[in-house]
Structures are given as C-alpha cells and as structure tokens.
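For reference, query21.json (JSON, C-alpha atoms):
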```
[["chain", "number", "residue", "atom", "x", "y", "z"],
["G", 1, "MET", "CA", 5.86, -51.24, 17.50],
["G", 2, "PRO", "CA", 5.34, -47.42, 17.64],
["G", 3, "LEU", "CA", 2.37, -45.83, 15.96],
["G", 4, "PHE", "CA", 3.03, -45.04, 12.26],
["G", 5, "ALA", "CA", 6.37, -46.89, 12.37],
["G", 6, "ASP", "CA", 5.56, -48.75, 9.16],
["G", 7, "LEU", "CA", 4.75, -45.45, 7.38],
["G", 8, "LEU", "CA", 8.02, -43.86, 8.50],
["G", 9, "ALA", "CA", 10.17, -46.90, 7.72],
["G", 10, "GLU", "CA", 12.22, -46.95, 4.54],
["G", 11, "GLY", "CA", 9.86, -47.31, 1.60],
["G", 12, "GLY", "CA", 6.88, -46.17, 3.69],
["G", 13, "ALA", "CA", 4.44, -43.46, 2.59],
["G", 14, "LEU", "CA", 6.01, -40.83, 4.88],
["G", 15, "ALA", "CA", 9.64, -41.87, 4.52],
["G", 16, "ASP", "CA", 10.49, -38.93, 2.25],
["G", 17, "TRP", "CA", 9.57, -36.58, 5.11],
["G", 18, "LEU", "CA", 12.39, -37.89, 7.24],
["G", 19, "THR", "CA", 15.47, -35.67, 7.15],
["G", 20, "SER", "CA", 18.83, -35.73, 8.83],
["G", 21, "SER", "CA", 19.95, -33.13, 11.34],
["G", 22, "GLU", "CA", 22.34, -31.71, 8.71],
["G", 23, "GLU", "CA", 19.46, -31.26, 6.26],
["G", 24, "GLN", "CA", 17.35, -29.61, 8.96],
["G", 25, "GLY", "CA", 20.24, -27.32, 9.87],
["G", 26, "GLU", "CA", 20.66, -26.30, 6.23],
["G", 27, "ARG", "CA", 16.93, -25.65, 5.87],
["G", 28, "ILE", "CA", 16.91, -23.49, 9.00],
["G", 29, "ARG", "CA", 19.97, -21.56, 7.76],
["G", 30, "ARG", "CA", 18.26, -20.86, 4.39],
["G", 31, "GLN", "CA", 15.09, -19.69, 6.16],
["G", 32, "HIS", "CA", 17.15, -17.41, 8.39],
["G", 33, "GLU", "CA", 18.90, -15.88, 5.36],
["G", 34, "GLU", "CA", 15.55, -15.28, 3.65],
["G", 35, "PHE", "CA", 14.20, -13.67, 6.80],
["G", 36, "GLN", "CA", 17.25, -11.38, 7.00],
["G", 37, "LYS", "CA", 16.66, -10.26, 3.39],
["G", 38, "ILE", "CA", 12.98, -9.54, 4.11],
["G", 39, "TRP", "CA", 13.90, -7.67, 7.30],
["G", 40, "ALA", "CA", 16.45, -5.54, 5.41],
["G", 41, "ARG", "CA", 13.81, -4.60, 2.82],
["G", 42, "TRP", "CA", 11.38, -3.76, 5.63],
["G", 43, "GLU", "CA", 13.91, -1.46, 7.31],
["G", 44, "LYS", "CA", 14.78, 0.19, 4.00],
["G", 45, "GLY", "CA", 11.08, 0.82, 3.35],
["G", 46, "GLY", "CA", 10.76, 2.41, 6.81],
["G", 47, "GLU", "CA", 13.69, 4.71, 6.03],
["G", 48, "GLU", "CA", 12.05, 5.70, 2.73],
["G", 49, "PHE", "CA", 8.77, 6.49, 4.51],
["G", 50, "LYS", "CA", 10.65, 8.55, 7.08],
["G", 51, "ALA", "CA", 12.47, 10.52, 4.35],
["G", 52, "ARG", "CA", 9.20, 11.09, 2.48],
["G", 53, "GLY", "CA", 7.54, 12.30, 5.67],
["G", 54, "ASP", "CA", 10.48, 14.61, 6.43],
["G", 55, "ALA", "CA", 10.21, 16.17, 2.96],
["G", 56, "ARG", "CA", 6.47, 16.73, 3.37],
["G", 57, "ARG", "CA", 6.98, 18.20, 6.85],
["G", 58, "ALA", "CA", 9.59, 20.60, 5.46],
["G", 59, "ILE", "CA", 7.11, 21.87, 2.85],
["G", 60, "VAL", "CA", 4.41, 22.38, 5.47],
["G", 61, "ALA", "CA", 6.96, 24.12, 7.73],
["G", 62, "GLN", "CA", 7.59, 26.71, 5.01],
["G", 63, "HIS", "CA", 3.92, 27.73, 5.12],
["G", 64, "LEU", "CA", 3.18, 27.60, 8.86],
["G", 65, "GLU", "CA", 4.43, 29.43, 11.91],
["G", 66, "ALA", "CA", 6.73, 27.57, 14.31],
["G", 67, "GLU", "CA", 4.04, 27.32, 17.00],
["G", 68, "ALA", "CA", 1.53, 25.74, 14.63],
["G", 69, "LEU", "CA", 4.15, 23.29, 13.38],
["G", 70, "ALA", "CA", 5.07, 22.35, 16.94],
["G", 71, "GLY", "CA", 1.38, 21.73, 17.61],
["G", 72, "LEU", "CA", 1.20, 19.37, 14.62],
["G", 73, "ASP", "CA", 4.30, 17.54, 15.83],
["G", 74, "GLN", "CA", 2.75, 17.12, 19.28],
["G", 75, "HIS", "CA", -0.49, 15.88, 17.70],
["G", 76, "TYR", "CA", 1.48, 13.26, 15.74],
["G", 77, "ILE", "CA", 3.33, 12.12, 18.85],
["G", 78, "LYS", "CA", 0.07, 11.88, 20.80],
["G", 79, "ILE", "CA", -1.86, 9.98, 18.12],
["G", 80, "LEU", "CA", 0.70, 8.00, 16.11],
["G", 81, "GLY", "CA", 4.04, 8.39, 17.91],
["G", 82, "GLN", "CA", 4.01, 4.84, 19.22],
["G", 83, "TYR", "CA", 3.93, 3.39, 15.70],
["G", 84, "GLY", "CA", 6.66, 3.11, 13.11],
["G", 85, "PRO", "CA", 7.76, 5.64, 10.49],
["G", 86, "GLU", "CA", 5.19, 4.36, 7.99],
["G", 87, "TYR", "CA", 2.59, 6.67, 9.52],
["G", 88, "TRP", "CA", 4.97, 9.68, 9.48],
["G", 89, "ALA", "CA", 4.69, 10.04, 5.70],
["G", 90, "ASP", "CA", 0.91, 9.57, 5.69],
["G", 91, "TYR", "CA", 0.40, 12.04, 8.53],
["G", 92, "TRP", "CA", 2.40, 14.74, 6.79],
["G", 93, "TRP", "CA", 0.63, 14.02, 3.51],
["G", 94, "GLY", "CA", -2.64, 14.82, 5.26],
["G", 95, "MET", "CA", -1.16, 18.02, 6.67],
["G", 96, "LEU", "CA", 0.18, 18.94, 3.21],
["G", 97, "VAL", "CA", -3.30, 18.48, 1.71],
["G", 98, "GLN", "CA", -4.84, 20.52, 4.52],
["G", 99, "TYR", "CA", -2.38, 23.41, 4.72],
["G", 100, "VAL", "CA", -0.72, 23.59, 1.27],
["G", 101, "PRO", "CA", -3.23, 22.02, -1.16],
["G", 102, "GLN", "CA", -1.73, 23.57, -4.31],
["G", 103, "ILE", "CA", 1.56, 21.69, -3.69],
["G", 104, "ALA", "CA", -0.32, 18.52, -2.71],
["G", 105, "HIS", "CA", -2.17, 18.62, -6.04],
["G", 106, "LYS", "CA", 1.14, 18.82, -7.92],
["G", 107, "ARG", "CA", 2.63, 15.93, -5.90],
["G", 108, "CYS", "CA", -0.44, 13.67, -5.88],
["G", 109, "PRO", "CA", 0.66, 10.03, -6.28],
["G", 110, "ASN", "CA", -2.60, 9.35, -8.14],
["G", 111, "MET", "CA", -2.36, 12.26, -10.55],
["G", 112, "ASN", "CA", -2.46, 9.92, -13.54],
["G", 113, "LEU", "CA", -5.78, 8.52, -12.26],
["G", 114, "HIS", "CA", -7.59, 11.86, -11.88],
["G", 115, "SER", "CA", -9.51, 11.35, -15.13],
["G", 116, "GLU", "CA", -10.67, 7.92, -13.90],
["G", 117, "PHE", "CA", -11.57, 9.28, -10.46],
["G", 118, "SER", "CA", -13.68, 12.01, -12.08],
["G", 119, "ARG", "CA", -16.19, 9.37, -13.16],
["G", 120, "TRP", "CA", -17.09, 8.58, -9.53],
["G", 121, "HIS", "CA", -15.74, 11.42, -7.38],
["G", 122, "GLU", "CA", -16.07, 15.18, -7.34],
["G", 123, "SER", "CA", -12.54, 15.45, -5.97],
["G", 124, "CYS", "CA", -9.46, 13.22, -5.81],
["G", 125, "PRO", "CA", -9.63, 10.96, -2.73],
["G", 126, "THR", "CA", -5.87, 11.40, -2.25],
["G", 127, "CYS", "CA", -5.17, 15.11, -2.76],
["G", 128, "SER", "CA", -8.73, 16.55, -2.63],
["G", 129, "LYS", "CA", -8.27, 18.37, -5.94],
["G", 130, "PRO", "CA", -11.65, 19.20, -7.52],
["G", 131, "LEU", "CA", -12.08, 17.07, -10.63],
["G", 132, "VAL", "CA", -13.85, 17.92, -13.84],
["G", 133, "PRO", "CA", -16.04, 15.05, -15.06],
["G", 134, "VAL", "CA", -14.93, 13.48, -18.31],
["G", 135, "PRO", "CA", -17.79, 13.38, -20.84],
["G", 136, "VAL", "CA", -19.02, 9.85, -21.47],
["G", 137, "SER", "CA", -20.12, 8.84, -24.93],
["G", 138, "ASN", "CA", -23.61, 7.31, -25.21],
["G", 139, "LYS", "CA", -22.65, 5.63, -28.45],
["G", 140, "PRO", "CA", -22.67, 1.85, -27.85],
["G", 141, "ASP", "CA", -19.54, -0.04, -28.66],
["G", 142, "HIS", "CA", -19.54, -3.15, -30.84],
["G", 143, "CYS", "CA", -19.98, -5.59, -27.94],
["G", 144, "GLY", "CA", -22.72, -3.50, -26.33],
["G", 145, "ALA", "CA", -24.67, -3.44, -29.59],
["G", 146, "LYS", "CA", -24.43, -7.23, -29.89],
["G", 147, "GLN", "CA", -25.59, -7.66, -26.29],
["G", 148, "LEU", "CA", -28.53, -5.28, -26.85],
["G", 149, "LEU", "CA", -29.54, -7.17, -30.00],
["G", 150, "LEU", "CA", -29.29, -10.49, -28.15],
["G", 151, "GLN", "CA", -31.50, -9.24, -25.30],
["G", 152, "GLU", "CA", -34.13, -7.93, -27.74],
["G", 153, "THR", "CA", -34.33, -11.25, -29.59],
["G", 154, "ILE", "CA", -34.63, -13.28, -26.40],
["G", 155, "PHE", "CA", -37.14, -11.17, -24.50],
["G", 156, "VAL", "CA", -39.33, -9.81, -27.31]]
```

Conversion result in structure tokens:
Amino acid sequence: MPLFADLLAEGGALADWLTSSEEQGERIRRQHEEFQKIWARWEKGGEEFKARGDARRAIVAQHLEAEALAGLDQHYIKILGQYGPEYWADYWWGMLVQYVPQIAHKRCPNMNLHSEFSRWHESCPTCSKPLVPVPVSNKPDHCGAKQLLLQETIFV
C-alpha cells in the first residue's frame, strides 16, 4: 500500500485536497484571469508614470537650454534607462525640484503635509520648500494631565 494512501482515500484526512483534472483546469484558468487583470493594472500604472514624467520634463524643458536638457536625458539613459517608466517620473521630479523649484513647490504631492513636516524638518523632503515651524502649545491636554498626576502619585 502506498505511503499516505489511507489519508488520501475517501473519508481520509486529506481527501478534500483531491481534485479532478477539470477542477484543476478551472482553478488554473481563474488564476490566469486574475494575473491578466493585475498585469493590465501594472501596465496602466507604467503609462501613468510615463505621462507624469513627460509632463515634468516639458516643464523643465521650458526653463533650460536644449543642450542642458539633452545632457539630462543622457544622464537618465546612463543611470536609469535600463529600468521601466516608473523611474522616469521620479527622475524628472528631481530635476523639477532642482531647476524650477517654484513650480515644484506648487505641485508638491505632499503639500497638505507641510505643516506636519515642519515639526521635524526645516524643508519638505519631497519638494525642498523651506517650512515655517508651527508653534506647539505647552498646555497639557486632558490625558497628559492625568498621566502627569498618576506619575506624581506613584513616584513621590
């Protein structure tokens, strides 16, 4: 008798794992369809990154001479050209911040977080805009006051 035959037999502990070739074929077909959906989303995301990078490159091109822009294109090809379009948008964001910072500040994807960033950073980590620190109140909140009172009663 083969090893584990009793477990795989009808009513055995592993019997529910047994499937027919039709069931396996259907499972493989469903997995393939799911993969095709994921792949389509991946390709669409790459197209969006490419379009975003093209828009950023166009803005930088308006502010640089053709020779300087060609140099930046060559630098991208040398450093990141072998990778997908995902890096195209990031590369041109960096060039936008470096060469046209006033537009980069206006287009910063983290603009709504600048007040939060100002607590820890002097400038935005994304667009490099100098940040003005938000004043912090020294007045304890309700929970802080309770915690302070609790610590004083325990350690005094």

Looking at all atoms listed in the file, which of G:Trp93, G:Tyr87, G:Trp42, G:Phe4 is the one that sits closest to Pro109 in chain G?
->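 The answer is G:Trp93, which sits nearest to Pro109 in chain G.
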
Could you check which of G:Gly25, G:His105, G:Pro133, G:Tyr76 is closest to His121 in chain G, using all atoms listed in the file?
->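 Among the listed residues, the smallest separation from His121 in chain G belongs to G:Pro133.
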
Report, as lines of an AutoDock Vina configuration file, the axis-aligned box around all atoms of range 36-42 of chain G present in the file, extended by 5 Å on each side; give centre and edge lengths in Å to one decimal place.
```
center_x = 14.3
center_y = -7.6
center_z = 5.1
size_x = 15.9
size_y = 17.6
size_z = 14.5
```

When you draw a straight line from CA of Val60 in chain G to CA of Tyr83 in chain G, how long is it in Å?
-> 21.6 Å

By how many Å are CA of Ser123 in chain G and CA of Ala104 in chain G apart?
->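 Rounded to one decimal, the two atoms are 13.0 Å apart.
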
What is the CA of Cys127 in chain G to CA of Val97 in chain G distance in Å?
-> 5.9 Å

Nearest to Arg56 in chain G, restricted to only C-alpha atoms and choosing among G:Asp90, G:Glu122, G:Glu33, G:Glu43, comes out as G:Asp90

Neighbours of His114 in chain G within 10 Å (all atoms listed in the file; same-chain residues fewer than 3 positions away dropped), as a list of chain:residue names?
-> G:Cys108, G:Asn110, G:Met111, G:Phe117, G:Ser118, G:Arg119, G:His121, G:Ser123, G:Cys124, G:Pro125, G:Thr126, G:Cys127, G:Lys129, G:Pro130, G:Leu131, G:Val132, G:Pro133, G:Val134

From the set G:Ala89, G:Asp6, G:Gly71, G:Gln62, which residue has the shortest atom-to-atom contact distance to Glu47 in chain G, counting all atoms listed in the file?
->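 Among G:Ala89, G:Asp6, G:Gly71, G:Gln62, it is G:Ala89 that comes nearest to Glu47 in chain G.
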
Using only C-alpha atoms, which of G:Arg41, G:Lys106, G:His63, G:His32 sits nearest Ser128 in chain G?
->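 Closest candidate: G:Lys106.
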